[in-house]
Amino acid sequence: MNCAVIVAAGSGKRMGASIPKQFLELDGRPILSYTIEKFDTSEDIDEIVIVTNAENTEYVKNVIATPFKKVKTVVAGGAERSNSVFNGLSALDKSCDTVLIHDGVRPFVTHEQIKRIIDKTREYGCCVLGMPVKDTIKLCDSGGIVQTTPDRNLLWQAQTPQAFSYDIILNAHKQAIADGFQCTDDSMLTERLGHKTVMVEGSYENIKITTPEDMDIGAKILERQKLQNKRKEG
Ligand code: C5P
C-alpha cells in the first residue's frame with residue numbers, strides 16, 4: 001500500500017500574503033487542491049493524509065478535499081514542518097508500506113515522478129526527488145563570508161516527494177524527537193541514522209511556491225501542464 005502525506009500547515013511568511021500560500025489561487029483554484037489532485041489521480045497512490053493549520057482543518061476537509069476520493073483524513077500540523085509530517089505519519093493506515101511526503105505548495109509534481117520514486121523506494125527504502133543545481137553554490141558563515149565552494153557537479157537541490165519505507169521514516173522521526181534534532185526535510189532524518197538515501201531525478205518545474213514571484217512562474221507552468229494534458233487526451 002502506497003500512501004501520501006501532504007503537509008500544508010505553514011504560515012507562508014515569505015509570501016507576505018494575508019492567507020497561507022497553500023490557499024492562494026492559481027487560475028481560480030487553491031494551490032493545495034492542484035497538489036492533492038496529482039496524488040488522488042495517480043494510479044500508484046492508495047491513501048492520502050493532509051496536514052494543515054488547526055484553524056483550517058474544517059475548511060480543507062469540507063471545501064478543498066471534497067472532490068477527491070483517496071483523502072483518508074485531514075489533521076492539524078505543528079510549529080515546525082517536521083512536527084506536521086510526524087502528525088501526518090501517525091494518522092496513516094498502519095498497513096502502509098511506502099509513504100511519500102510532499103509539500104502542499106508543490107502542485108507541479110507529475111504522475112511519472114510519483115511512479116518513479118515509488119519504484120526506487122521499493123528497491124532502496126529511502127529516496128529524494130531532486131535536480132542538479134544550476135548555479136555555483138557558496139557555503140558562508142553566519143556573517144556572509146564565503147567559507148568554501150563545493151563541487152557543483154555533486155550538488156543537487158532536494159525537492160519533494162521524498163519517499164520511504166513507512167517503518168524507517170516513522171522510526172527516524174521518533175528518534176529525531178527524542179534527540180531534539182532539527183531538520184528542514186525528511187531525508188536528513190534517515191541520512192543521520194545511516195540509511196542509504198537515493199536521489200531520483202525530478203524536474204525543474206516541480207517548484208515550491210514560496211515567494212510572490214513564484215506565483216507568476218507557477219501560472220506559466222500550470223498553463224503548460226494543462227496544454228500537455230490536452231495533447232495527451234487528444
Ligand atoms: O516552510 P517550508 O517552505 O519548508 O514549507 C514546506 C511545506 O511544509 C509547505 O507546504 C508548508 O505548508 C509545510 N509546513 C507545515 N508545517 C509547518 C511548516 C511548514 O506543514 N509548521
# chains A, B, ... in the order shown; residues from 1 in each chain; ligands from 1
$ residues_around --residues "stretch 56-73 of chain A" --least-positions-apart "5" --cutoff "12 Å" --atoms "only C-alpha atoms" --output "NGL selection string"
:A and (2-11 or 19-20 or 22-23 or 25 or 29-51 or 87-93 or 104)
$ residues_around --residues "A:Thr148" --least-positions-apart "5" --cutoff "10 Å" --atoms "only C-alpha atoms" --output "PyMOL selection string"
chain A and resi 137-141
$ write_last_selection --atoms "N, CA, C and O atoms" --output "compact mmCIF listing (two decimals), in the first residue's frame"
# COMPACT_ATOMS: atom_id res chain seq x y z
N ILE A 137 27.25 27.06 -5.87
CA ILE A 137 26.75 27.28 -4.50
C ILE A 137 27.93 27.62 -3.59
O ILE A 137 28.98 26.95 -3.64
N LYS A 138 27.76 28.64 -2.75
CA LYS A 138 28.79 29.04 -1.79
C LYS A 138 28.33 28.70 -0.38
O LYS A 138 27.18 29.00 -0.02
N LEU A 139 29.21 28.12 0.39
CA LEU A 139 28.91 27.90 1.81
C LEU A 139 29.51 29.08 2.58
O LEU A 139 30.72 29.32 2.51
N CYS A 140 28.65 29.83 3.29
CA CYS A 140 29.10 31.04 4.00
C CYS A 140 28.95 30.86 5.51
O CYS A 140 28.15 30.04 5.96
N ASP A 141 29.67 31.67 6.28
CA ASP A 141 29.41 31.67 7.72
C ASP A 141 28.22 32.59 7.99
O ASP A 141 27.68 33.21 7.06
$ residues_around --residues "stretch 219-231 of chain A" --least-positions-apart "6" --cutoff "10 Å" --atoms "only C-alpha atoms" --output "PDB file with N, CA and C atoms, in the first residue's frame"
ATOM      1  N   GLU A  25      -4.784  31.317  -4.876  1.00  0.00           N
ATOM      2  CA  GLU A  25      -5.375  30.667  -6.048  1.00  0.00           C
ATOM      3  C   GLU A  25      -4.535  30.834  -7.306  1.00  0.00           C
ATOM      4  N   LEU A  26      -4.471  29.753  -8.077  1.00  0.00           N
ATOM      5  CA  LEU A  26      -3.902  29.785  -9.422  1.00  0.00           C
ATOM      6  C   LEU A  26      -5.056  29.433 -10.344  1.00  0.00           C
ATOM      7  N   ASP A  27      -5.355  30.290 -11.300  1.00  0.00           N
ATOM      8  CA  ASP A  27      -6.461  30.063 -12.233  1.00  0.00           C
ATOM      9  C   ASP A  27      -7.754  29.646 -11.500  1.00  0.00           C
ATOM     10  N   TYR A  34      -4.648  21.607  -6.378  1.00  0.00           N
ATOM     11  CA  TYR A  34      -3.889  21.027  -7.504  1.00  0.00           C
ATOM     12  C   TYR A  34      -2.955  19.926  -7.000  1.00  0.00           C
ATOM     13  N   PRO A 107       2.584  22.014  -6.492  1.00  0.00           N
ATOM     14  CA  PRO A 107       1.478  21.422  -7.256  1.00  0.00           C
ATOM     15  C   PRO A 107       1.894  20.823  -8.597  1.00  0.00           C
ATOM     16  N   PHE A 108       3.159  20.992  -9.005  1.00  0.00           N
ATOM     17  CA  PHE A 108       3.527  20.599 -10.376  1.00  0.00           C
ATOM     18  C   PHE A 108       4.228  19.256 -10.474  1.00  0.00           C
ATOM     19  N   THR A 110       4.538  15.353 -11.101  1.00  0.00           N
ATOM     20  CA  THR A 110       3.786  14.617 -12.130  1.00  0.00           C
ATOM     21  C   THR A 110       3.564  13.157 -11.715  1.00  0.00           C
ATOM     22  N   GLU A 205      10.483  22.063 -13.075  1.00  0.00           N
ATOM     23  CA  GLU A 205       9.138  22.652 -12.933  1.00  0.00           C
ATOM     24  C   GLU A 205       8.508  22.328 -11.580  1.00  0.00           C
ATOM     25  N   ASN A 206       9.080  21.391 -10.853  1.00  0.00           N
ATOM     26  CA  ASN A 206       8.485  20.977  -9.569  1.00  0.00           C
ATOM     27  C   ASN A 206       8.865  21.981  -8.472  1.00  0.00           C
ATOM     28  N   ILE A 207       8.476  23.227  -8.678  1.00  0.00           N
ATOM     29  CA  ILE A 207       8.901  24.301  -7.765  1.00  0.00           C
ATOM     30  C   ILE A 207       8.053  24.309  -6.492  1.00  0.00           C
TER      31      ILE A 207
END
$ select_by_dssp --residues "stretch 13-202 of chain A" --states "helix (DSSP H, G or I)" --output "MDAnalysis selection string"
chainID A and resid 13:15 21:23 31:40 54:64 81:91 111:124 152:154 166:179 187:191
$ closest_residue --among "A:Thr52, A:Ser142, A:Ser18, A:Asn171" --to "ligand 1" --atoms "only C-alpha atoms and all ligand atoms"
A:Thr52
$ closest_residue --among "A:His102, A:Lys21, A:His111, A:Arg192" --to "A:Val128" --atoms "only C-alpha atoms"
A:His102
$ atom_distance --atom1 "atom 11 (C, counted along the ligand's line) of ligand 1" --atom2 "atom CA of A:Asp103"
6.0 Å
$ select_by_dssp --residues "stretch 3-212 of chain A" --states "strand (DSSP E or B)" --output "JSON, numbers by chain"
{"A": [3, 4, 5, 6, 7, 8, 25, 26, 29, 30, 47, 48, 49, 50, 51, 52, 71, 72, 73, 74, 75, 76, 98, 99, 100, 101, 102, 103, 126, 127, 128, 129, 130, 131, 132, 139, 140, 146, 147, 148, 156, 157, 158, 159, 160, 161, 162, 163, 164, 165, 198, 199, 200, 201]}
$ residues_around --residues "A:Phe181" --least-positions-apart "4" --cutoff "12 Å" --atoms "only C-alpha atoms" --output "PDB file with N, CA and C atoms, in the first residue's frame"
ATOM      1  N   GLU A  80       6.713  23.326  13.627  1.00  0.00           N
ATOM      2  CA  GLU A  80       7.736  23.140  12.586  1.00  0.00           C
ATOM      3  C   GLU A  80       7.223  22.130  11.571  1.00  0.00           C
ATOM      4  N   SER A  82       8.575  19.490  10.512  1.00  0.00           N
ATOM      5  CA  SER A  82       8.769  18.096  10.951  1.00  0.00           C
ATOM      6  C   SER A  82       7.664  17.656  11.911  1.00  0.00           C
ATOM      7  N   ASN A  83       7.147  18.581  12.729  1.00  0.00           N
ATOM      8  CA  ASN A  83       6.017  18.237  13.618  1.00  0.00           C
ATOM      9  C   ASN A  83       4.793  17.906  12.777  1.00  0.00           C
ATOM     10  N   ALA A 172      12.589   7.127  12.244  1.00  0.00           N
ATOM     11  CA  ALA A 172      13.549   8.236  12.130  1.00  0.00           C
ATOM     12  C   ALA A 172      12.972   9.507  12.759  1.00  0.00           C
ATOM     13  N   HIS A 173      11.676   9.736  12.579  1.00  0.00           N
ATOM     14  CA  HIS A 173      11.044  10.909  13.200  1.00  0.00           C
ATOM     15  C   HIS A 173      11.017  10.764  14.726  1.00  0.00           C
ATOM     16  N   LYS A 174      10.689   9.547  15.209  1.00  0.00           N
ATOM     17  CA  LYS A 174      10.645   9.345  16.667  1.00  0.00           C
ATOM     18  C   LYS A 174      12.023   9.591  17.271  1.00  0.00           C
ATOM     19  N   GLN A 175      13.045   9.090  16.571  1.00  0.00           N
ATOM     20  CA  GLN A 175      14.425   9.251  17.044  1.00  0.00           C
ATOM     21  C   GLN A 175      14.816  10.732  17.081  1.00  0.00           C
ATOM     22  N   ALA A 176      14.414  11.480  16.045  1.00  0.00           N
ATOM     23  CA  ALA A 176      14.751  12.911  15.981  1.00  0.00           C
ATOM     24  C   ALA A 176      14.074  13.672  17.122  1.00  0.00           C
ATOM     25  N   ILE A 177      12.831  13.293  17.428  1.00  0.00           N
ATOM     26  CA  ILE A 177      12.113  13.951  18.540  1.00  0.00           C
ATOM     27  C   ILE A 177      12.857  13.661  19.848  1.00  0.00           C
ATOM     28  N   ASP A 185      14.225  18.899   5.962  1.00  0.00           N
ATOM     29  CA  ASP A 185      13.492  17.923   5.154  1.00  0.00           C
ATOM     30  C   ASP A 185      13.562  16.565   5.842  1.00  0.00           C
ATOM     31  N   ASP A 186      12.836  15.587   5.294  1.00  0.00           N
ATOM     32  CA  ASP A 186      12.711  14.294   5.980  1.00  0.00           C
ATOM     33  C   ASP A 186      13.914  13.404   5.754  1.00  0.00           C
ATOM     34  N   MET A 188      16.956  14.134   5.801  1.00  0.00           N
ATOM     35  CA  MET A 188      18.007  14.399   6.803  1.00  0.00           C
ATOM     36  C   MET A 188      17.907  13.398   7.952  1.00  0.00           C
ATOM     37  N   LEU A 189      16.669  12.989   8.249  1.00  0.00           N
ATOM     38  CA  LEU A 189      16.451  12.119   9.409  1.00  0.00           C
ATOM     39  C   LEU A 189      16.859  10.675   9.137  1.00  0.00           C
ATOM     40  N   THR A 190      16.716  10.237   7.877  1.00  0.00           N
ATOM     41  CA  THR A 190      17.155   8.865   7.563  1.00  0.00           C
ATOM     42  C   THR A 190      18.662   8.842   7.314  1.00  0.00           C
ATOM     43  N   ARG A 192      20.907  10.633   8.843  1.00  0.00           N
ATOM     44  CA  ARG A 192      21.660  10.661  10.104  1.00  0.00           C
ATOM     45  C   ARG A 192      21.661   9.307  10.799  1.00  0.00           C
ATOM     46  N   LEU A 193      20.690   8.446  10.441  1.00  0.00           N
ATOM     47  CA  LEU A 193      20.682   7.104  11.043  1.00  0.00           C
ATOM     48  C   LEU A 193      21.458   6.115  10.182  1.00  0.00           C
TER      49      LEU A 193
END
$ closest_atom_pairs --of "stretch 151-178 of chain A" --to "stretch 113-120 of chain A" --cutoff "12 Å" --atoms "only C-alpha atoms" --output "CSV"
residue,atom,partner,partner_atom,distance
A:Gln159,CA,A:Gln113,CA,11.3
A:Thr160,CA,A:Ile114,CA,9.8
A:Pro161,CA,A:Ile114,CA,7.5
A:Gln162,CA,A:Ile117,CA,7.8
A:Ala163,CA,A:Ile117,CA,6.7
A:Phe164,CA,A:Ile118,CA,8.5
A:Ser165,CA,A:Ile118,CA,9.8
$ decode --residues "stretch 60-105 of chain A" --atoms "N, CA and C atoms" --output "mmCIF file, in the first residue's frame"
data_model
loop_
_atom_site.group_PDB
_atom_site.id
_atom_site.type_symbol
_atom_site.label_atom_id
_atom_site.label_comp_id
_atom_site.auth_asym_id
_atom_site.auth_seq_id
_atom_site.Cartn_x
_atom_site.Cartn_y
_atom_site.Cartn_z
ATOM 1 N N VAL A 60 -10.320 22.770 4.922
ATOM 2 C CA VAL A 60 -9.653 21.836 3.988
ATOM 3 C C VAL A 60 -10.509 20.583 3.817
ATOM 4 N N LYS A 61 -11.042 20.069 4.945
ATOM 5 C CA LYS A 61 -11.854 18.848 4.900
ATOM 6 C C LYS A 61 -13.122 19.086 4.067
ATOM 7 N N ASN A 62 -13.845 20.179 4.377
ATOM 8 C CA ASN A 62 -15.179 20.375 3.797
ATOM 9 C C ASN A 62 -15.189 21.090 2.456
ATOM 10 N N VAL A 63 -14.113 21.764 2.123
ATOM 11 C CA VAL A 63 -14.116 22.505 0.853
ATOM 12 C C VAL A 63 -13.041 21.963 -0.099
ATOM 13 N N ILE A 64 -11.786 22.062 0.318
ATOM 14 C CA ILE A 64 -10.713 21.717 -0.633
ATOM 15 C C ILE A 64 -10.662 20.221 -0.937
ATOM 16 N N ALA A 65 -10.842 19.380 0.083
ATOM 17 C CA ALA A 65 -10.628 17.934 -0.138
ATOM 18 C C ALA A 65 -11.856 17.196 -0.659
ATOM 19 N N THR A 66 -13.027 17.855 -0.682
ATOM 20 C CA THR A 66 -14.266 17.115 -1.016
ATOM 21 C C THR A 66 -14.270 16.466 -2.409
ATOM 22 N N PRO A 67 -13.681 17.070 -3.451
ATOM 23 C CA PRO A 67 -13.782 16.390 -4.754
ATOM 24 C C PRO A 67 -12.911 15.128 -4.854
ATOM 25 N N PHE A 68 -12.093 14.871 -3.855
ATOM 26 C CA PHE A 68 -11.096 13.800 -4.009
ATOM 27 C C PHE A 68 -11.504 12.522 -3.270
ATOM 28 N N LYS A 69 -11.088 11.380 -3.846
ATOM 29 C CA LYS A 69 -11.566 10.076 -3.352
ATOM 30 C C LYS A 69 -10.649 9.439 -2.310
ATOM 31 N N LYS A 70 -9.351 9.775 -2.371
ATOM 32 C CA LYS A 70 -8.396 8.996 -1.572
ATOM 33 C C LYS A 70 -7.992 9.664 -0.259
ATOM 34 N N VAL A 71 -8.569 10.838 0.024
ATOM 35 C CA VAL A 71 -8.184 11.550 1.249
ATOM 36 C C VAL A 71 -8.812 10.838 2.448
ATOM 37 N N LYS A 72 -7.946 10.254 3.287
ATOM 38 C CA LYS A 72 -8.439 9.495 4.452
ATOM 39 C C LYS A 72 -8.847 10.454 5.572
ATOM 40 N N THR A 73 -7.986 11.436 5.823
ATOM 41 C CA THR A 73 -8.274 12.378 6.906
ATOM 42 C C THR A 73 -7.470 13.658 6.733
ATOM 43 N N VAL A 74 -7.904 14.687 7.457
ATOM 44 C CA VAL A 74 -7.173 15.959 7.480
ATOM 45 C C VAL A 74 -6.826 16.208 8.939
ATOM 46 N N VAL A 75 -5.530 16.336 9.242
ATOM 47 C CA VAL A 75 -5.134 16.511 10.648
ATOM 48 C C VAL A 75 -4.405 17.839 10.833
ATOM 49 N N ALA A 76 -4.331 18.285 12.073
ATOM 50 C CA ALA A 76 -3.658 19.556 12.375
ATOM 51 C C ALA A 76 -2.143 19.361 12.410
ATOM 52 N N GLY A 77 -1.414 20.384 11.956
ATOM 53 C CA GLY A 77 0.043 20.333 11.949
ATOM 54 C C GLY A 77 0.635 20.867 13.238
ATOM 55 N N GLY A 78 1.949 21.120 13.189
ATOM 56 C CA GLY A 78 2.643 21.620 14.369
ATOM 57 C C GLY A 78 3.452 22.862 14.035
ATOM 58 N N ALA A 79 4.260 23.295 15.017
ATOM 59 C CA ALA A 79 5.003 24.548 14.867
ATOM 60 C C ALA A 79 6.049 24.464 13.758
ATOM 61 N N GLU A 80 6.713 23.326 13.627
ATOM 62 C CA GLU A 80 7.736 23.140 12.586
ATOM 63 C C GLU A 80 7.223 22.130 11.571
ATOM 64 N N ARG A 81 7.810 22.179 10.372
ATOM 65 C CA ARG A 81 7.394 21.243 9.322
ATOM 66 C C ARG A 81 7.502 19.802 9.800
ATOM 67 N N SER A 82 8.575 19.490 10.512
ATOM 68 C CA SER A 82 8.769 18.096 10.951
ATOM 69 C C SER A 82 7.664 17.656 11.911
ATOM 70 N N ASN A 83 7.147 18.581 12.729
ATOM 71 C CA ASN A 83 6.017 18.237 13.618
ATOM 72 C C ASN A 83 4.793 17.906 12.777
ATOM 73 N N SER A 84 4.594 18.679 11.713
ATOM 74 C CA SER A 84 3.440 18.440 10.834
ATOM 75 C C SER A 84 3.572 17.080 10.153
ATOM 76 N N VAL A 85 4.772 16.773 9.672
ATOM 77 C CA VAL A 85 4.984 15.480 9.000
ATOM 78 C C VAL A 85 4.699 14.348 9.992
ATOM 79 N N PHE A 86 5.208 14.485 11.209
ATOM 80 C CA PHE A 86 5.013 13.409 12.199
ATOM 81 C C PHE A 86 3.518 13.191 12.471
ATOM 82 N N ASN A 87 2.760 14.273 12.572
ATOM 83 C CA ASN A 87 1.307 14.134 12.788
ATOM 84 C C ASN A 87 0.661 13.399 11.615
ATOM 85 N N GLY A 88 1.122 13.699 10.412
ATOM 86 C CA GLY A 88 0.590 13.028 9.222
ATOM 87 C C GLY A 88 0.941 11.547 9.211
ATOM 88 N N LEU A 89 2.193 11.248 9.510
ATOM 89 C CA LEU A 89 2.635 9.837 9.522
ATOM 90 C C LEU A 89 1.827 9.047 10.552
ATOM 91 N N SER A 90 1.551 9.678 11.692
ATOM 92 C CA SER A 90 0.838 8.990 12.774
ATOM 93 C C SER A 90 -0.616 8.706 12.397
ATOM 94 N N ALA A 91 -1.153 9.463 11.441
ATOM 95 C CA ALA A 91 -2.563 9.286 11.051
ATOM 96 C C ALA A 91 -2.734 8.277 9.915
ATOM 97 N N LEU A 92 -1.626 7.779 9.377
ATOM 98 C CA LEU A 92 -1.725 6.842 8.243
ATOM 99 C C LEU A 92 -2.185 5.465 8.691
ATOM 100 N N ASP A 93 -2.779 4.743 7.757
ATOM 101 C CA ASP A 93 -3.142 3.355 7.983
ATOM 102 C C ASP A 93 -1.856 2.571 8.267
ATOM 103 N N LYS A 94 -1.884 1.733 9.279
ATOM 104 C CA LYS A 94 -0.644 1.047 9.687
ATOM 105 C C LYS A 94 -0.201 -0.011 8.666
ATOM 106 N N SER A 95 -1.065 -0.322 7.701
ATOM 107 C CA SER A 95 -0.632 -1.280 6.677
ATOM 108 C C SER A 95 0.075 -0.588 5.508
ATOM 109 N N CYS A 96 0.375 0.681 5.683
ATOM 110 C CA CYS A 96 1.110 1.417 4.647
ATOM 111 C C CYS A 96 2.530 0.844 4.510
ATOM 112 N N ASP A 97 2.975 0.580 3.269
ATOM 113 C CA ASP A 97 4.345 0.079 3.053
ATOM 114 C C ASP A 97 5.282 1.227 2.703
ATOM 115 N N THR A 98 4.864 2.005 1.692
ATOM 116 C CA THR A 98 5.705 3.109 1.224
ATOM 117 C C THR A 98 4.949 4.406 1.432
ATOM 118 N N VAL A 99 5.625 5.400 2.005
ATOM 119 C CA VAL A 99 4.967 6.700 2.203
ATOM 120 C C VAL A 99 5.722 7.783 1.454
ATOM 121 N N LEU A 100 4.963 8.607 0.749
ATOM 122 C CA LEU A 100 5.535 9.754 0.047
ATOM 123 C C LEU A 100 5.178 10.997 0.849
ATOM 124 N N ILE A 101 6.171 11.792 1.199
ATOM 125 C CA ILE A 101 5.923 13.019 1.957
ATOM 126 C C ILE A 101 6.109 14.187 0.997
ATOM 127 N N HIS A 102 5.084 15.038 0.911
ATOM 128 C CA HIS A 102 5.100 16.062 -0.142
ATOM 129 C C HIS A 102 4.636 17.411 0.395
ATOM 130 N N ASP A 103 5.264 18.478 -0.098
ATOM 131 C CA ASP A 103 4.869 19.840 0.275
ATOM 132 C C ASP A 103 3.568 20.211 -0.441
ATOM 133 N N GLY A 104 2.607 20.721 0.314
ATOM 134 C CA GLY A 104 1.340 21.147 -0.288
ATOM 135 C C GLY A 104 1.513 22.250 -1.321
ATOM 136 N N VAL A 105 2.632 22.950 -1.269
ATOM 137 C CA VAL A 105 2.861 24.062 -2.187
ATOM 138 C C VAL A 105 3.741 23.664 -3.376
#
